[in-house]
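data30.json (JSON, C-alpha atoms)
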[["chain", "number", "residue", "atom", "x", "y", "z"],
["A", 258, "MET", "CA", -39.24, 89.49, -74.68],
["A", 259, "THR", "CA", -35.86, 90.76, -73.58],
["A", 260, "LYS", "CA", -33.02, 91.04, -76.02],
["A", 261, "ASP", "CA", -29.85, 89.05, -75.45],
["A", 262, "LYS", "CA", -27.17, 91.13, -73.83],
["A", 263, "LYS", "CA", -24.16, 91.92, -75.97],
["A", 264, "PRO", "CA", -20.83, 90.50, -74.75],
["A", 265, "LEU", "CA", -18.79, 92.93, -72.68],
["A", 266, "PRO", "CA", -15.75, 94.49, -74.36],
["A", 267, "ILE", "CA", -12.63, 92.35, -74.13],
["A", 268, "LYS", "CA", -10.01, 93.59, -71.67],
["A", 269, "ASN", "CA", -8.07, 90.38, -71.11],
["A", 270, "ILE", "CA", -6.93, 87.55, -73.41],
["A", 271, "ILE", "CA", -5.82, 84.08, -72.29],
["A", 272, "PHE", "CA", -3.91, 82.15, -74.96],
["A", 273, "ASP", "CA", -3.39, 78.44, -75.34],
["A", 274, "LEU", "CA", 0.13, 77.58, -76.50],
["A", 275, "GLY", "CA", 0.29, 74.44, -78.69],
["A", 276, "GLY", "CA", -1.82, 74.75, -81.83],
["A", 277, "VAL", "CA", -2.42, 78.46, -81.21],
["A", 278, "LEU", "CA", 0.95, 80.17, -80.79],
["A", 279, "VAL", "CA", 3.20, 77.17, -81.45],
["A", 280, "ASP", "CA", 2.89, 74.95, -84.51],
["A", 281, "LEU", "CA", 2.39, 71.23, -83.91],
["A", 282, "ASP", "CA", 2.83, 68.28, -86.27],
["A", 283, "PHE", "CA", 1.62, 65.05, -84.69],
["A", 284, "ASP", "CA", 2.77, 62.98, -87.68],
["A", 285, "LYS", "CA", 6.35, 64.09, -87.05],
["A", 286, "GLY", "CA", 5.97, 63.10, -83.43],
["A", 287, "ARG", "CA", 4.72, 59.63, -84.35],
["A", 288, "ALA", "CA", 7.53, 59.19, -86.88],
["A", 289, "ALA", "CA", 10.11, 60.12, -84.25],
["A", 290, "PHE", "CA", 8.85, 57.44, -81.88],
["A", 291, "GLU", "CA", 8.71, 54.87, -84.68],
["A", 292, "ALA", "CA", 12.39, 55.60, -85.35],
["A", 293, "LEU", "CA", 13.08, 54.70, -81.71],
["A", 294, "GLY", "CA", 11.59, 51.24, -82.17],
["A", 295, "ILE", "CA", 8.00, 51.89, -81.09],
["A", 296, "PRO", "CA", 5.72, 50.54, -83.83],
["A", 297, "ASP", "CA", 2.41, 52.34, -84.37],
["A", 298, "PRO", "CA", 2.96, 54.81, -81.49],
["A", 299, "LYS", "CA", -0.65, 56.05, -81.58],
["A", 300, "THR", "CA", -1.83, 52.56, -80.62],
["A", 301, "THR", "CA", 1.17, 51.37, -78.62],
["A", 302, "MET", "CA", 1.17, 54.52, -76.46],
["A", 303, "GLY", "CA", -2.58, 55.07, -76.53],
["A", 304, "HIS", "CA", -3.87, 52.62, -73.92],
["A", 305, "ASP", "CA", -5.74, 53.96, -70.90],
["A", 306, "GLU", "CA", -2.77, 53.44, -68.59],
["A", 307, "ASP", "CA", -0.52, 55.38, -71.01],
["A", 308, "LYS", "CA", -2.99, 58.25, -71.22],
["A", 309, "GLN", "CA", -3.27, 58.37, -67.45],
["A", 310, "LEU", "CA", 0.51, 58.52, -67.09],
["A", 311, "PHE", "CA", 0.86, 61.31, -69.65],
["A", 312, "ARG", "CA", -1.95, 63.26, -67.97],
["A", 313, "LYS", "CA", -0.17, 62.82, -64.64],
["A", 314, "TYR", "CA", 2.97, 64.14, -66.31],
["A", 315, "GLU", "CA", 1.03, 67.19, -67.53],
["A", 316, "THR", "CA", -0.17, 67.90, -64.00],
["A", 317, "GLY", "CA", 3.19, 67.45, -62.31],
["A", 318, "LYS", "CA", 2.19, 64.18, -60.65],
["A", 319, "ALA", "CA", 4.67, 62.03, -62.61],
["A", 320, "GLU", "CA", 8.39, 62.61, -63.05],
["A", 321, "THR", "CA", 10.23, 62.70, -66.36],
["A", 322, "ALA", "CA", 12.26, 59.62, -65.37],
["A", 323, "GLU", "CA", 9.07, 57.62, -64.79],
["A", 324, "VAL", "CA", 7.60, 58.64, -68.14],
["A", 325, "PHE", "CA", 10.81, 57.96, -70.03],
["A", 326, "ALA", "CA", 11.18, 54.55, -68.38],
["A", 327, "HIS", "CA", 7.66, 53.65, -69.47],
["A", 328, "ILE", "CA", 8.22, 54.74, -73.07],
["A", 329, "ARG", "CA", 11.55, 52.92, -73.14],
["A", 330, "SER", "CA", 9.78, 49.72, -72.06],
["A", 331, "LEU", "CA", 7.69, 49.92, -75.24],
["A", 332, "SER", "CA", 10.73, 50.26, -77.50],
["A", 333, "SER", "CA", 12.86, 47.62, -79.13],
["A", 334, "LYS", "CA", 15.96, 49.89, -79.14],
["A", 335, "ALA", "CA", 16.50, 51.07, -75.53],
["A", 336, "PRO", "CA", 16.67, 54.78, -76.45],
["A", 337, "THR", "CA", 18.59, 57.23, -74.28],
["A", 338, "ASP", "CA", 16.92, 60.01, -72.32],
["A", 339, "ALA", "CA", 18.18, 62.53, -74.89],
["A", 340, "GLU", "CA", 16.66, 60.50, -77.73],
["A", 341, "LEU", "CA", 13.35, 60.21, -75.88],
["A", 342, "ALA", "CA", 13.25, 63.93, -75.20],
["A", 343, "ALA", "CA", 13.98, 64.66, -78.87],
["A", 344, "ALA", "CA", 11.18, 62.31, -79.94],
["A", 345, "MET", "CA", 8.72, 63.90, -77.54],
["A", 346, "ASN", "CA", 9.63, 67.35, -78.82],
["A", 347, "ALA", "CA", 9.54, 66.44, -82.51],
["A", 348, "MET", "CA", 5.87, 67.41, -82.69],
["A", 349, "ILE", "CA", 6.74, 71.02, -81.80],
["A", 350, "THR", "CA", 7.71, 72.44, -85.17],
["A", 351, "GLY", "CA", 7.86, 76.21, -84.85],
["A", 352, "PHE", "CA", 6.97, 79.51, -83.26],
["A", 353, "PRO", "CA", 6.18, 81.83, -86.20],
["A", 354, "ALA", "CA", 7.45, 85.39, -85.99],
["A", 355, "GLU", "CA", 4.07, 86.81, -86.99],
["A", 356, "ARG", "CA", 2.53, 85.36, -83.83],
["A", 357, "VAL", "CA", 5.22, 87.00, -81.74],
["A", 358, "ALA", "CA", 4.41, 90.25, -83.56],
["A", 359, "LEU", "CA", 0.73, 89.75, -82.68],
["A", 360, "LEU", "CA", 1.55, 89.38, -78.99],
["A", 361, "ASN", "CA", 3.64, 92.54, -79.15],
["A", 362, "ALA", "CA", 0.78, 94.42, -80.80],
["A", 363, "LEU", "CA", -1.79, 93.20, -78.27],
["A", 364, "LYS", "CA", 0.22, 93.80, -75.11],
["A", 365, "PRO", "CA", -0.40, 97.58, -74.90],
["A", 366, "LYS", "CA", -4.16, 97.05, -75.32],
["A", 367, "PHE", "CA", -4.97, 93.99, -73.20],
["A", 368, "ARG", "CA", -3.87, 92.06, -70.15],
["A", 369, "LEU", "CA", -2.35, 88.93, -71.69],
["A", 370, "PHE", "CA", -2.08, 85.48, -70.11],
["A", 371, "LEU", "CA", -1.01, 82.00, -71.19],
["A", 372, "LEU", "CA", -2.73, 78.75, -70.16],
["A", 373, "SER", "CA", -1.14, 75.58, -71.48],
["A", 374, "ASN", "CA", -1.48, 71.85, -70.96],
["A", 375, "ILE", "CA", 2.20, 70.98, -71.01],
["A", 376, "ASN", "CA", 4.74, 68.63, -69.46],
["A", 377, "ALA", "CA", 8.21, 69.41, -68.15],
["A", 378, "THR", "CA", 9.98, 68.17, -71.30],
["A", 379, "HIS", "CA", 7.84, 70.22, -73.68],
["A", 380, "HIS", "CA", 8.01, 73.25, -71.39],
["A", 381, "ALA", "CA", 11.80, 73.34, -71.40],
["A", 382, "TYR", "CA", 11.94, 72.82, -75.16],
["A", 383, "VAL", "CA", 9.41, 75.55, -76.00],
["A", 384, "GLN", "CA", 11.30, 78.06, -73.86],
["A", 385, "GLU", "CA", 14.56, 77.18, -75.64],
["A", 386, "LEU", "CA", 12.87, 77.26, -79.05],
["A", 387, "TYR", "CA", 11.41, 80.70, -78.43],
["A", 388, "THR", "CA", 14.69, 82.18, -77.20],
["A", 389, "GLY", "CA", 16.64, 80.63, -80.08],
["A", 390, "LEU", "CA", 14.26, 82.02, -82.69],
["A", 391, "HIS", "CA", 13.28, 85.36, -81.22],
["A", 392, "GLY", "CA", 15.55, 86.15, -78.27],
["A", 393, "GLY", "CA", 14.27, 87.07, -74.84],
["A", 394, "ARG", "CA", 11.77, 85.04, -72.85],
["A", 395, "LEU", "CA", 8.42, 83.71, -73.98],
["A", 396, "ASP", "CA", 6.80, 84.43, -70.62],
["A", 397, "ASP", "CA", 7.65, 88.13, -70.87],
["A", 398, "HIS", "CA", 4.77, 88.54, -73.32],
["A", 399, "PHE", "CA", 2.29, 87.72, -70.55],
["A", 400, "GLU", "CA", 1.30, 89.14, -67.23],
["A", 401, "LYS", "CA", 1.42, 85.53, -66.06],
["A", 402, "ALA", "CA", 1.86, 82.15, -67.72],
["A", 403, "TYR", "CA", -0.03, 79.17, -66.29],
["A", 404, "TYR", "CA", 1.50, 75.79, -67.13],
["A", 405, "SER", "CA", -0.50, 72.69, -66.19],
["A", 406, "HIS", "CA", 2.48, 70.75, -64.80],
["A", 407, "LEU", "CA", 3.17, 73.63, -62.41],
["A", 408, "VAL", "CA", -0.47, 74.48, -61.57],
["A", 409, "GLY", "CA", -1.36, 70.82, -60.91],
["A", 410, "ARG", "CA", -4.47, 70.91, -63.11],
["A", 411, "ARG", "CA", -5.08, 70.63, -66.83],
["A", 412, "LYS", "CA", -7.73, 71.67, -69.32],
["A", 413, "PRO", "CA", -10.59, 70.91, -69.72],
["A", 414, "ASP", "CA", -10.92, 70.61, -65.93],
["A", 415, "PRO", "CA", -13.10, 73.62, -65.01],
["A", 416, "ALA", "CA", -10.98, 74.10, -61.87],
["A", 417, "ILE", "CA", -8.03, 75.37, -63.89],
["A", 418, "PHE", "CA", -10.13, 78.14, -65.44],
["A", 419, "VAL", "CA", -11.50, 79.11, -62.02],
["A", 420, "HIS", "CA", -7.93, 79.16, -60.70],
["A", 421, "VAL", "CA", -6.71, 81.50, -63.45],
["A", 422, "ILE", "CA", -9.69, 83.83, -63.10],
["A", 423, "LYS", "CA", -9.26, 84.12, -59.33],
["A", 424, "ASP", "CA", -5.46, 84.23, -59.32],
["A", 425, "ALA", "CA", -5.29, 86.96, -61.98],
["A", 426, "GLY", "CA", -8.27, 88.89, -60.61],
["A", 427, "LEU", "CA", -10.15, 88.76, -63.90],
["A", 428, "ASN", "CA", -13.73, 89.56, -64.78],
["A", 429, "ALA", "CA", -14.50, 86.41, -66.78],
["A", 430, "LYS", "CA", -17.06, 88.21, -68.93],
["A", 431, "GLU", "CA", -14.39, 90.65, -70.09],
["A", 432, "THR", "CA", -11.88, 87.88, -70.82],
["A", 433, "LEU", "CA", -11.35, 86.01, -74.09],
["A", 434, "PHE", "CA", -9.90, 82.48, -74.06],
["A", 435, "VAL", "CA", -8.27, 81.32, -77.30],
["A", 436, "ASP", "CA", -7.76, 77.58, -77.84],
["A", 437, "ASP", "CA", -7.84, 74.95, -80.58],
["A", 438, "MET", "CA", -9.65, 72.22, -78.62],
["A", 439, "PRO", "CA", -13.49, 72.30, -78.48],
["A", 440, "ASP", "CA", -13.61, 70.55, -75.08],
["A", 441, "ASN", "CA", -11.40, 73.24, -73.58],
["A", 442, "LEU", "CA", -13.52, 76.00, -75.09],
["A", 443, "ARG", "CA", -16.73, 74.49, -73.74],
["A", 444, "SER", "CA", -15.26, 74.26, -70.25],
["A", 445, "ALA", "CA", -13.98, 77.83, -70.45],
["A", 446, "GLY", "CA", -17.42, 79.00, -71.53],
["A", 447, "LEU", "CA", -18.98, 77.29, -68.52],
["A", 448, "ALA", "CA", -16.53, 79.25, -66.35],
["A", 449, "GLY", "CA", -17.95, 82.46, -67.85],
["A", 450, "LEU", "CA", -15.16, 83.25, -70.31],
["A", 451, "GLN", "CA", -15.72, 84.42, -73.85],
["A", 452, "VAL", "CA", -14.05, 82.02, -76.28],
["A", 453, "ALA", "CA", -12.45, 81.97, -79.72],
["A", 454, "HIS", "CA", -11.68, 78.79, -81.63],
["A", 455, "VAL", "CA", -8.52, 78.30, -83.66],
["A", 456, "ALA", "CA", -10.17, 75.66, -85.83],
["A", 457, "PRO", "CA", -8.49, 73.52, -88.52],
["A", 458, "GLU", "CA", -7.24, 75.70, -91.40],
["A", 459, "ILE", "CA", -7.55, 78.79, -89.18],
["A", 460, "THR", "CA", -4.65, 80.44, -87.35],
["A", 461, "VAL", "CA", -4.75, 82.82, -84.44],
["A", 462, "LEU", "CA", -3.99, 85.62, -86.92],
["A", 463, "ASP", "CA", -7.28, 84.96, -88.70],
["A", 464, "LEU", "CA", -9.16, 85.88, -85.52],
["A", 465, "ARG", "CA", -8.02, 89.50, -85.95],
["A", 466, "LEU", "CA", -7.59, 89.98, -82.23],
["A", 467, "ASP", "CA", -5.76, 93.21, -82.91],
["A", 468, "LYS", "CA", -9.11, 94.66, -84.13],
["A", 469, "PHE", "CA", -10.99, 93.99, -80.87]]
Now, as a test, write the supplied structure out as C-alpha cells.
Amino acid sequence: MTKDKKPLPIKNIIFDLGGVLVDLDFDKGRAAFEALGIPDPKTTMGHDEDKQLFRKYETGKAETAEVFAHIRSLSSKAPTDAELAAAMNAMITGFPAERVALLNALKPKFRLFLLSNINATHHAYVQELYTGLHGGRLDDHFEKAYYSHLVGRRKPDPAIFVHVIKDAGLNAKETLFVDDMPDNLRSAGLAGLQVAHVAPEITVLDLRLDKF
C-alpha cells in the first residue's frame, strides 16, 4: 500500500475578496433595499430571472443601467442611481487593517493573487473604500487581480480557475486558494488547487497563512 503524498509547499496564494478580505453584512444590504421601497428583498429580488441578471452583471454581460432599471421596477419609491448604488454597497462594511497587514507580510514570501466574483458597482466601491481607509491601491498587493465582471466568468465555474492558473503560469499543486464558499472551494480543488476555508466564525487571520 502506498502512502498518500504530502501536499507540495505553498508558493502562491489566491484570495477571494468578499467574506475573506472584506467584511460583508447581508442584513445591512437587505435593510438598505427595504428603505428604498423593496419589501422582503431576499424574496423580491431572489427569483430565477433576478439571479440570472445579477450573475450576468458579475460576468460583465449586463450593464449597470440595466440592473438598476430592474431593481427600480421592484421599488415603490423610484430610487435614483446614487441611492441604488448606495443600497447595493451597504453590504460591504469594512476592510480591516489587520488583513492589509497580513497581505503586506505575505507579499515577500508568496506570489499573491485575487479572484473575486464582483460587479462593476461593488468593484468601484471596494477600490474607493480601500484607498479611503488605507491609502494606495488595493490591487498593488497582488501580482494580478482577477475580477469576474472583467474576466467574463465567475466562481464556481471551473473555467475561471483554469484561466487564472494558465494566465498566471501557476503550478496548481503549489497554489492555495482561500475562499468562504464551499462550492468555490470544491471547484478549485477539482482544478488541482489546494484550498483553505474561511468558515463561519473564522477569519483569514485564523488560517495563520504567515506560518506557511
Take the point (8.4, 83.1, -72.3) as written in the file and pick out every residue within 12 Å of it, counting only C-alpha atoms; give the list as a ChimeraX atom specification.
/A:274,278,352,357,360,370-371,380-404
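What separates CA of Asp307 (chain A) from CA of Asn374 (chain A) is a distance of 16.5 Å.
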CA of Ala343 (chain A) to CA of Gln309 (chain A) measures 21.6 Å
*asked:* At a cut-off of 9 Å, using all atoms listed in the file, what residues contact Asn441 (chain A)? Leave out same-chain residues fewer than 5 positions from it and give the result as a VMD selection string.
replied: chain A and resid 412 to 415 436 446
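One finds CA of Ala342 (chain A) at 10.8 Å from CA of Ala322 (chain A).
Counting all atoms listed in the file and comparing A:Arg356, A:Ile349, A:Leu466, A:Asn269, the residue that lies closest to Arg287 (chain A) is A:Ile349.
With only C-alpha atoms taken into account, every residue lying no more than 12 Å from the file point (-12.7, 70.6, -65.4) is included here: Arg410, Arg411, Lys412, Pro413, Asp414, Pro415, Ala416, Ile417, Phe418, Val419, His420, Asp440, Asn441, Leu442, Arg443, Ser444, Ala445, Gly446, Leu447 and Ala448 of chain A.
Distances here use all atoms listed in the file; by that measure, the residue among A:Thr378, A:Gly303, A:Leu369, A:Pro298 closest to Phe325 (chain A) is A:Thr378.
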### Message
Give me the residues near Ala344 (chain A) as an MDAnalysis selection string, where near means some atom within 7 Å (using all atoms listed in the file) and where sequence neighbours in that chain fewer than 2 positions away do not count.
### Response
chainID A and resid 286 289:290 340:342 346:347
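Among the candidate residues A:Pro353, A:Lys430, A:Glu320, A:Arg368, the one lying nearest to Gln451 (chain A) is A:Lys430, with distances computed using only C-alpha atoms.
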Among A:Val277, A:Ala429, A:Gly449, A:Met348, Leu462 (chain A) is approached most closely, using only C-alpha atoms, by A:Val277
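You can rank A:Ile375, A:Ile267, A:Leu359, A:Val452 by their closest distance to Phe434 (chain A) using all atoms listed in the file, and at the top of that list sits A:Val452.
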Across A:Val408, A:Leu372, A:Leu450, A:Phe469, the smallest distance to Asp273 (chain A), with all atoms listed in the file counted, is shown by A:Leu372
